[in-house]
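This report refers to the structure that appears directly beneath it.
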Amino acid sequence: MKILNWWALAAGYETADNWRQWGRGPHGETTTQTLPLCPHIPMMSLRRMSAGTRLAVECGLTLLEQQAVDMAIFTSRHGELERTHKILQHLNQQQSLSPTDFAMSVHNTAAGWLTIIAKNTLPTTSLAAGEDSFQQGILEALGILASGAAERVLLVDFDGALPEVYQPFVSLTARPYALALLLAAGESLQCVPVARQAAAESLPQSLSFLRHWLSGQTEFIVPGPRHDWRWTHDG
């Protein structure tokens with residue numbers, strides 16, 4: 001596998017140089033600053049999106065604008081949990097539900113928005129595998145590329161702000177972010193599952209991968225819930 005292009009967004013990080021500097025930092029932590037602007041998304045659509053979906057769609061549109069894509073994979077641990085929590089609150093309080101919240105509460109909301117705004121009918125799929133969502137998205141992309149079903153696969157991993165009621169149950173940093181990778185077949189990047197050996201991180205898998213990859217390491221570990229993932233690349 002090889003990475004043809006990438007883009008990432010989070011509070012305080014909206015350029016490639018921002019992320020490269022972040023990757024060289026001691027811990028690779030993100031900040032609590034204001035979320036970046038999303039110039040590719042029409043304002044009327046932007047207002048209807050959750051924070052994570054905004055960043056995911058903006059990252060995807062940025063890469064679609066630059067290169068052709070055959071298929072898109074969206075991965076997210078929590079998906080539209082912010083919106084789902086709002087719906088549950090309204091049900092508990094016996095309030096009427098917002099049609100927009102109901103329609104946008106599904107896990108493939110971001111994938112749908114991408115194709116609508118881009119006016120692109122490319123095939124999409126959405127995956128959720130808990131803490132391992134990014135790595136399972138990588139496996140999905142590898143399978144698609146190996147089968148010849150697509151030559152360029154767009155993988156977008158994202159999450160939004162985690163509602164406070166759920167935060168005691170999640171150890172990872174619960175701040176909106178998105179990472180988009182344009183992937184193709186190749187040998188420059190490889191990953192294999194290995195026995196648990198890395199210390200737990202406060203970053204989601206995709207940002208852990210990005211931090212190591214941007215630092216130029218030729219071999220690194222991305223932690224997983226049941227086993228870790230050893231990545232190697234030719235630099």
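Chain labels A, B, ... are given in the sequence in which chains occur in the structure tokens; within each chain residues are numbered consecutively from 1, and ligands are likewise numbered from 1 in the order shown.
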
Name the residues in contact with Gln21 (chain A) at a cut-off of 10 Å, using only C-alpha atoms, excluding same-chain residues fewer than 6 positions from it; report them as a PyMOL selection string. chain A and resi 13+28+211+214-215

Now that the selection is made, can you save its residues with C-alpha atoms as a tab-separated table (two decimals), in the first residue's frame?
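Saved the output as result11.tsv:
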chain	number	residue	atom	x	y	z
A	13	TYR	CA	-4.44	22.28	12.93
A	28	GLY	CA	1.41	14.69	19.58
A	211	ARG	CA	2.08	11.23	14.17
A	214	LEU	CA	4.99	12.29	9.76
A	215	SER	CA	7.94	11.84	12.11

List every residue of region 24-171 of chain A that DSSP, applied to the backbone of this structure, assigns to strand (DSSP E), and report them as a VMD selection string. chain A and resid 71 to 75 124 to 127 153 to 159

Please save N, CA, C and O atoms of the selected residues as a CSV table (one decimal), in the first residue's frame.
chain,number,residue,atom,x,y,z
A,71,MET,N,-13.3,4.9,-4.8
A,71,MET,CA,-14.1,4.5,-3.8
A,71,MET,C,-13.8,5.2,-2.5
A,71,MET,O,-12.6,5.5,-2.3
A,72,ALA,N,-14.7,5.3,-1.6
A,72,ALA,CA,-14.4,6.0,-0.3
A,72,ALA,C,-14.9,5.1,0.9
A,72,ALA,O,-15.9,4.5,0.8
A,73,ILE,N,-14.0,5.1,1.9
A,73,ILE,CA,-14.3,4.3,3.1
A,73,ILE,C,-14.3,5.3,4.3
A,73,ILE,O,-13.3,6.0,4.4
A,74,PHE,N,-15.3,5.4,5.0
A,74,PHE,CA,-15.4,6.2,6.2
A,74,PHE,C,-15.4,5.3,7.5
A,74,PHE,O,-16.1,4.4,7.6
A,75,THR,N,-14.5,5.6,8.4
A,75,THR,CA,-14.4,4.9,9.7
A,75,THR,C,-14.6,5.9,10.8
A,75,THR,O,-14.1,7.0,10.8
A,124,THR,N,-19.3,4.1,-1.7
A,124,THR,CA,-18.9,4.4,-0.3
A,124,THR,C,-19.3,3.3,0.6
A,124,THR,O,-20.3,2.6,0.4
A,125,THR,N,-18.5,3.2,1.7
A,125,THR,CA,-18.9,2.3,2.8
A,125,THR,C,-18.5,2.9,4.1
A,125,THR,O,-17.6,3.8,4.1
A,126,SER,N,-19.2,2.6,5.2
A,126,SER,CA,-18.9,3.2,6.5
A,126,SER,C,-18.7,2.0,7.5
A,126,SER,O,-19.5,1.1,7.6
A,127,LEU,N,-17.6,2.1,8.3
A,127,LEU,CA,-17.3,1.0,9.2
A,127,LEU,C,-17.1,1.6,10.6
A,127,LEU,O,-16.7,2.7,10.8
A,153,VAL,N,-8.3,4.4,-3.4
A,153,VAL,CA,-9.3,4.4,-2.3
A,153,VAL,C,-9.1,5.5,-1.3
A,153,VAL,O,-8.0,5.7,-0.8
A,154,LEU,N,-10.2,6.3,-1.1
A,154,LEU,CA,-10.1,7.3,-0.1
A,154,LEU,C,-10.6,6.8,1.3
A,154,LEU,O,-11.7,6.3,1.4
A,155,LEU,N,-9.7,6.9,2.3
A,155,LEU,CA,-10.1,6.4,3.6
A,155,LEU,C,-10.2,7.7,4.5
A,155,LEU,O,-9.2,8.4,4.6
A,156,VAL,N,-11.3,7.9,5.1
A,156,VAL,CA,-11.5,9.0,6.0
A,156,VAL,C,-11.9,8.5,7.4
A,156,VAL,O,-12.9,7.8,7.6
A,157,ASP,N,-11.0,8.7,8.4
A,157,ASP,CA,-11.3,8.4,9.8
A,157,ASP,C,-11.6,9.7,10.5
A,157,ASP,O,-10.9,10.7,10.4
A,158,PHE,N,-12.6,9.6,11.4
A,158,PHE,CA,-13.0,10.8,12.1
A,158,PHE,C,-13.8,10.5,13.3
A,158,PHE,O,-14.3,9.4,13.5
A,159,ASP,N,-14.0,11.5,14.2
A,159,ASP,CA,-14.9,11.4,15.3
A,159,ASP,C,-15.2,12.9,15.7
A,159,ASP,O,-14.4,13.8,15.5

Write out as a PDB file with N, CA, C and O atoms, in the first residue's frame the residues lying within 12 Å of Gly79 (chain A), counting only C-alpha atoms and excluding same-chain residues fewer than 2 positions away.
ATOM      1  N   MET A  49     -24.539  19.786   9.946  1.00  0.00           N
ATOM      2  CA  MET A  49     -23.573  18.723  10.244  1.00  0.00           C
ATOM      3  C   MET A  49     -23.054  18.798  11.671  1.00  0.00           C
ATOM      4  O   MET A  49     -22.894  19.885  12.238  1.00  0.00           O
ATOM      5  N   SER A  50     -22.747  17.651  12.236  1.00  0.00           N
ATOM      6  CA  SER A  50     -22.045  17.602  13.519  1.00  0.00           C
ATOM      7  C   SER A  50     -20.588  17.985  13.287  1.00  0.00           C
ATOM      8  O   SER A  50     -20.105  18.025  12.149  1.00  0.00           O
ATOM      9  N   ALA A  51     -19.863  18.244  14.374  1.00  0.00           N
ATOM     10  CA  ALA A  51     -18.475  18.719  14.255  1.00  0.00           C
ATOM     11  C   ALA A  51     -17.594  17.697  13.537  1.00  0.00           C
ATOM     12  O   ALA A  51     -16.806  18.042  12.643  1.00  0.00           O
ATOM     13  N   GLY A  52     -17.703  16.436  13.916  1.00  0.00           N
ATOM     14  CA  GLY A  52     -16.870  15.414  13.287  1.00  0.00           C
ATOM     15  C   GLY A  52     -17.165  15.249  11.816  1.00  0.00           C
ATOM     16  O   GLY A  52     -16.250  15.101  10.996  1.00  0.00           O
ATOM     17  N   THR A  53     -18.450  15.271  11.463  1.00  0.00           N
ATOM     18  CA  THR A  53     -18.832  15.117  10.063  1.00  0.00           C
ATOM     19  C   THR A  53     -18.339  16.287   9.230  1.00  0.00           C
ATOM     20  O   THR A  53     -17.893  16.113   8.092  1.00  0.00           O
ATOM     21  N   ARG A  54     -18.405  17.493   9.774  1.00  0.00           N
ATOM     22  CA  ARG A  54     -17.868  18.656   9.056  1.00  0.00           C
ATOM     23  C   ARG A  54     -16.414  18.430   8.654  1.00  0.00           C
ATOM     24  O   ARG A  54     -16.025  18.638   7.495  1.00  0.00           O
ATOM     25  N   ALA A  56     -14.710  15.604   8.545  1.00  0.00           N
ATOM     26  CA  ALA A  56     -14.539  14.445   7.664  1.00  0.00           C
ATOM     27  C   ALA A  56     -14.874  14.796   6.220  1.00  0.00           C
ATOM     28  O   ALA A  56     -14.125  14.456   5.290  1.00  0.00           O
ATOM     29  N   PHE A  74     -15.349   5.357   5.045  1.00  0.00           N
ATOM     30  CA  PHE A  74     -15.389   6.211   6.225  1.00  0.00           C
ATOM     31  C   PHE A  74     -15.355   5.322   7.463  1.00  0.00           C
ATOM     32  O   PHE A  74     -16.114   4.355   7.563  1.00  0.00           O
ATOM     33  N   THR A  75     -14.478   5.645   8.395  1.00  0.00           N
ATOM     34  CA  THR A  75     -14.403   4.907   9.654  1.00  0.00           C
ATOM     35  C   THR A  75     -14.556   5.881  10.817  1.00  0.00           C
ATOM     36  O   THR A  75     -14.054   7.001  10.782  1.00  0.00           O
ATOM     37  N   SER A  76     -15.283   5.436  11.836  1.00  0.00           N
ATOM     38  CA  SER A  76     -15.515   6.279  12.999  1.00  0.00           C
ATOM     39  C   SER A  76     -15.900   5.399  14.169  1.00  0.00           C
ATOM     40  O   SER A  76     -16.727   4.488  14.027  1.00  0.00           O
ATOM     41  N   ARG A  77     -15.307   5.663  15.301  1.00  0.00           N
ATOM     42  CA  ARG A  77     -15.660   4.896  16.498  1.00  0.00           C
ATOM     43  C   ARG A  77     -17.052   5.268  17.007  1.00  0.00           C
ATOM     44  O   ARG A  77     -17.850   4.411  17.361  1.00  0.00           O
ATOM     45  N   LEU A  81     -22.709  10.164  17.453  1.00  0.00           N
ATOM     46  CA  LEU A  81     -23.127   9.975  18.841  1.00  0.00           C
ATOM     47  C   LEU A  81     -23.653  11.269  19.462  1.00  0.00           C
ATOM     48  O   LEU A  81     -24.559  11.233  20.304  1.00  0.00           O
ATOM     49  N   GLU A  82     -23.102  12.412  19.068  1.00  0.00           N
ATOM     50  CA  GLU A  82     -23.608  13.692  19.579  1.00  0.00           C
ATOM     51  C   GLU A  82     -25.097  13.844  19.259  1.00  0.00           C
ATOM     52  O   GLU A  82     -25.916  14.204  20.118  1.00  0.00           O
ATOM     53  N   ARG A  83     -25.448  13.534  18.026  1.00  0.00           N
ATOM     54  CA  ARG A  83     -26.832  13.689  17.587  1.00  0.00           C
ATOM     55  C   ARG A  83     -27.729  12.615  18.209  1.00  0.00           C
ATOM     56  O   ARG A  83     -28.863  12.878  18.620  1.00  0.00           O
ATOM     57  N   THR A  84     -27.204  11.401  18.301  1.00  0.00           N
ATOM     58  CA  THR A  84     -27.975  10.313  18.905  1.00  0.00           C
ATOM     59  C   THR A  84     -28.273  10.607  20.373  1.00  0.00           C
ATOM     60  O   THR A  84     -29.378  10.357  20.868  1.00  0.00           O
ATOM     61  N   HIS A  85     -27.277  11.144  21.081  1.00  0.00           N
ATOM     62  CA  HIS A  85     -27.479  11.499  22.487  1.00  0.00           C
ATOM     63  C   HIS A  85     -28.562  12.569  22.621  1.00  0.00           C
ATOM     64  O   HIS A  85     -29.395  12.518  23.535  1.00  0.00           O
ATOM     65  N   MET A 104     -30.031  12.488  10.225  1.00  0.00           N
ATOM     66  CA  MET A 104     -28.570  12.574  10.228  1.00  0.00           C
ATOM     67  C   MET A 104     -27.925  11.752  11.341  1.00  0.00           C
ATOM     68  O   MET A 104     -26.735  11.889  11.595  1.00  0.00           O
ATOM     69  N   SER A 105     -28.680  10.902  12.001  1.00  0.00           N
ATOM     70  CA  SER A 105     -28.123  10.165  13.131  1.00  0.00           C
ATOM     71  C   SER A 105     -27.472   8.838  12.744  1.00  0.00           C
ATOM     72  O   SER A 105     -26.938   8.143  13.597  1.00  0.00           O
ATOM     73  N   VAL A 106     -27.493   8.483  11.459  1.00  0.00           N
ATOM     74  CA  VAL A 106     -26.940   7.202  11.017  1.00  0.00           C
ATOM     75  C   VAL A 106     -25.423   7.296  10.843  1.00  0.00           C
ATOM     76  O   VAL A 106     -24.860   8.379  10.689  1.00  0.00           O
ATOM     77  N   HIS A 107     -24.769   6.129  10.845  1.00  0.00           N
ATOM     78  CA  HIS A 107     -23.308   6.109  10.839  1.00  0.00           C
ATOM     79  C   HIS A 107     -22.714   6.527   9.491  1.00  0.00           C
ATOM     80  O   HIS A 107     -21.543   6.907   9.417  1.00  0.00           O
ATOM     81  N   ASN A 108     -23.495   6.425   8.424  1.00  0.00           N
ATOM     82  CA  ASN A 108     -22.963   6.795   7.105  1.00  0.00           C
ATOM     83  C   ASN A 108     -23.347   8.204   6.681  1.00  0.00           C
ATOM     84  O   ASN A 108     -23.326   8.542   5.500  1.00  0.00           O
ATOM     85  N   THR A 109     -23.686   9.056   7.647  1.00  0.00           N
ATOM     86  CA  THR A 109     -24.041  10.445   7.341  1.00  0.00           C
ATOM     87  C   THR A 109     -22.919  11.165   6.595  1.00  0.00           C
ATOM     88  O   THR A 109     -23.157  11.839   5.586  1.00  0.00           O
ATOM     89  N   ALA A 110     -21.694  11.048   7.083  1.00  0.00           N
ATOM     90  CA  ALA A 110     -20.569  11.760   6.453  1.00  0.00           C
ATOM     91  C   ALA A 110     -20.350  11.286   5.019  1.00  0.00           C
ATOM     92  O   ALA A 110     -20.089  12.098   4.122  1.00  0.00           O
ATOM     93  N   ALA A 111     -20.457   9.986   4.792  1.00  0.00           N
ATOM     94  CA  ALA A 111     -20.281   9.449   3.439  1.00  0.00           C
ATOM     95  C   ALA A 111     -21.345  10.012   2.494  1.00  0.00           C
ATOM     96  O   ALA A 111     -21.046  10.372   1.345  1.00  0.00           O
ATOM     97  N   SER A 126     -19.202   2.606   5.194  1.00  0.00           N
ATOM     98  CA  SER A 126     -18.898   3.166   6.515  1.00  0.00           C
ATOM     99  C   SER A 126     -18.694   2.029   7.497  1.00  0.00           C
ATOM    100  O   SER A 126     -19.521   1.111   7.566  1.00  0.00           O
ATOM    101  N   LEU A 127     -17.602   2.083   8.259  1.00  0.00           N
ATOM    102  CA  LEU A 127     -17.255   1.021   9.188  1.00  0.00           C
ATOM    103  C   LEU A 127     -17.125   1.561  10.606  1.00  0.00           C
ATOM    104  O   LEU A 127     -16.693   2.700  10.807  1.00  0.00           O
ATOM    105  N   ALA A 128     -17.469   0.730  11.574  1.00  0.00           N
ATOM    106  CA  ALA A 128     -17.259   1.048  12.987  1.00  0.00           C
ATOM    107  C   ALA A 128     -16.760  -0.208  13.677  1.00  0.00           C
ATOM    108  O   ALA A 128     -17.408  -1.245  13.622  1.00  0.00           O
ATOM    109  N   ALA A 129     -15.589  -0.121  14.293  1.00  0.00           N
ATOM    110  CA  ALA A 129     -15.010  -1.271  14.990  1.00  0.00           C
ATOM    111  C   ALA A 129     -14.381  -0.823  16.300  1.00  0.00           C
ATOM    112  O   ALA A 129     -13.278  -1.234  16.654  1.00  0.00           O
ATOM    113  N   GLY A 130     -15.078   0.070  17.013  1.00  0.00           N
ATOM    114  CA  GLY A 130     -14.566   0.536  18.293  1.00  0.00           C
ATOM    115  C   GLY A 130     -13.224   1.240  18.139  1.00  0.00           C
ATOM    116  O   GLY A 130     -13.005   1.999  17.193  1.00  0.00           O
ATOM    117  N   SER A 133     -11.249   0.995  14.693  1.00  0.00           N
ATOM    118  CA  SER A 133     -11.957   1.365  13.463  1.00  0.00           C
ATOM    119  C   SER A 133     -11.011   1.752  12.332  1.00  0.00           C
ATOM    120  O   SER A 133     -11.197   1.325  11.180  1.00  0.00           O
ATOM    121  N   ASP A 157     -11.014   8.747   8.373  1.00  0.00           N
ATOM    122  CA  ASP A 157     -11.298   8.380   9.755  1.00  0.00           C
ATOM    123  C   ASP A 157     -11.600   9.656  10.536  1.00  0.00           C
ATOM    124  O   ASP A 157     -10.895  10.658  10.391  1.00  0.00           O
ATOM    125  N   PHE A 158     -12.640   9.605  11.384  1.00  0.00           N
ATOM    126  CA  PHE A 158     -13.041  10.835  12.084  1.00  0.00           C
ATOM    127  C   PHE A 158     -13.827  10.502  13.342  1.00  0.00           C
ATOM    128  O   PHE A 158     -14.309   9.387  13.531  1.00  0.00           O
ATOM    129  N   ASP A 159     -13.953  11.482  14.184  1.00  0.00           N
ATOM    130  CA  ASP A 159     -14.871  11.446  15.318  1.00  0.00           C
ATOM    131  C   ASP A 159     -15.164  12.869  15.747  1.00  0.00           C
ATOM    132  O   ASP A 159     -14.375  13.783  15.484  1.00  0.00           O
ATOM    133  N   GLY A 160     -16.295  13.042  16.421  1.00  0.00           N
ATOM    134  CA  GLY A 160     -16.685  14.356  16.892  1.00  0.00           C
ATOM    135  C   GLY A 160     -16.476  14.485  18.389  1.00  0.00           C
ATOM    136  O   GLY A 160     -15.774  13.680  19.010  1.00  0.00           O
ATOM    137  N   ALA A 161     -17.089  15.496  18.966  1.00  0.00           N
ATOM    138  CA  ALA A 161     -17.003  15.701  20.410  1.00  0.00           C
ATOM    139  C   ALA A 161     -17.840  14.638  21.112  1.00  0.00           C
ATOM    140  O   ALA A 161     -18.979  14.382  20.725  1.00  0.00           O
ATOM    141  N   LEU A 162     -17.287  14.023  22.113  1.00  0.00           N
ATOM    142  CA  LEU A 162     -17.994  12.975  22.849  1.00  0.00           C
ATOM    143  C   LEU A 162     -18.860  13.610  23.930  1.00  0.00           C
ATOM    144  O   LEU A 162     -18.368  14.380  24.756  1.00  0.00           O
ATOM    145  N   PRO A 176     -13.001  16.641  18.308  1.00  0.00           N
ATOM    146  CA  PRO A 176     -13.268  16.430  16.884  1.00  0.00           C
ATOM    147  C   PRO A 176     -11.990  16.449  16.045  1.00  0.00           C
ATOM    148  O   PRO A 176     -11.121  17.304  16.227  1.00  0.00           O
ATOM    149  N   TYR A 177     -11.905  15.523  15.108  1.00  0.00           N
ATOM    150  CA  TYR A 177     -10.757  15.428  14.202  1.00  0.00           C
ATOM    151  C   TYR A 177     -11.183  14.649  12.968  1.00  0.00           C
ATOM    152  O   TYR A 177     -12.221  13.961  12.963  1.00  0.00           O
ATOM    153  N   ALA A 178     -10.400  14.734  11.919  1.00  0.00           N
ATOM    154  CA  ALA A 178     -10.593  13.903  10.736  1.00  0.00           C
ATOM    155  C   ALA A 178      -9.261  13.754  10.027  1.00  0.00           C
ATOM    156  O   ALA A 178      -8.456  14.698   9.979  1.00  0.00           O
TER     157      ALA A 178
END

Need the shell around Arg226 (chain A): protein/DNA/RNA residues with any atom at most 10 Å away, counting only C-alpha atoms. Skip same-chain ones fewer than 3 positions apart. Format as a VMD selection string? chain A and resid 131 to 132 193 to 196 223

Export N, CA and C atoms of the chosen residues as a JSON list (two decimals), in the first residue's frame?
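File written: again_31.json
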[["chain", "number", "residue", "atom", "x", "y", "z"],
["A", 131, "GLU", "N", -12.32, 0.98, 19.07],
["A", 131, "GLU", "CA", -11.00, 1.61, 19.04],
["A", 131, "GLU", "C", -10.21, 1.21, 17.79],
["A", 132, "ASP", "N", -10.57, 0.09, 17.18],
["A", 132, "ASP", "CA", -9.82, -0.45, 16.05],
["A", 132, "ASP", "C", -10.39, -0.01, 14.70],
["A", 193, "PRO", "N", -0.63, -7.45, 12.29],
["A", 193, "PRO", "CA", -1.02, -7.50, 13.71],
["A", 193, "PRO", "C", 0.08, -8.18, 14.53],
["A", 194, "VAL", "N", 0.34, -7.65, 15.72],
["A", 194, "VAL", "CA", 1.34, -8.22, 16.62],
["A", 194, "VAL", "C", 0.78, -8.25, 18.03],
["A", 195, "ALA", "N", 1.41, -9.03, 18.90],
["A", 195, "ALA", "CA", 0.97, -9.11, 20.29],
["A", 195, "ALA", "C", 1.05, -7.74, 20.95],
["A", 196, "ARG", "N", 0.19, -7.50, 21.93],
["A", 196, "ARG", "CA", 0.17, -6.23, 22.63],
["A", 196, "ARG", "C", 1.54, -5.92, 23.21],
["A", 223, "PRO", "N", -1.29, 1.16, 18.68],
["A", 223, "PRO", "CA", -1.99, 0.28, 19.63],
["A", 223, "PRO", "C", -3.40, -0.08, 19.17]]

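One finds CA of Asn120 (chain A) at 12.9 Å from CA of Val57 (chain A).
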
If you run DSSP on the backbone here, which positions in region 24-80 of chain A get helix (DSSP H, G or I)? Please write them as a count of residues only. 20

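Near Gly12 (chain A), within 7 Å and counting only C-alpha atoms, sit A:Thr31, A:Gln33, A:Thr34, A:Leu35, A:Pro36; same-chain residues fewer than 3 positions away were not included.
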
Using only C-alpha atoms, the best pick from A:Gly148, A:Gly60, A:Gly25, A:Gly143 as closest to Asn5 (chain A) would be A:Gly60

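With only C-alpha atoms as the atoms that count, the residue of A:Gly216, A:Gly224, A:Leu139, A:Asp234 with the shortest distance to Arg20 (chain A) is A:Gly216.
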
From the set A:Leu61, A:Ala16, A:Ile221, A:Ala11, which residue has the shortest atom-to-atom contact distance to Ile117 (chain A), counting only C-alpha atoms? A:Leu61
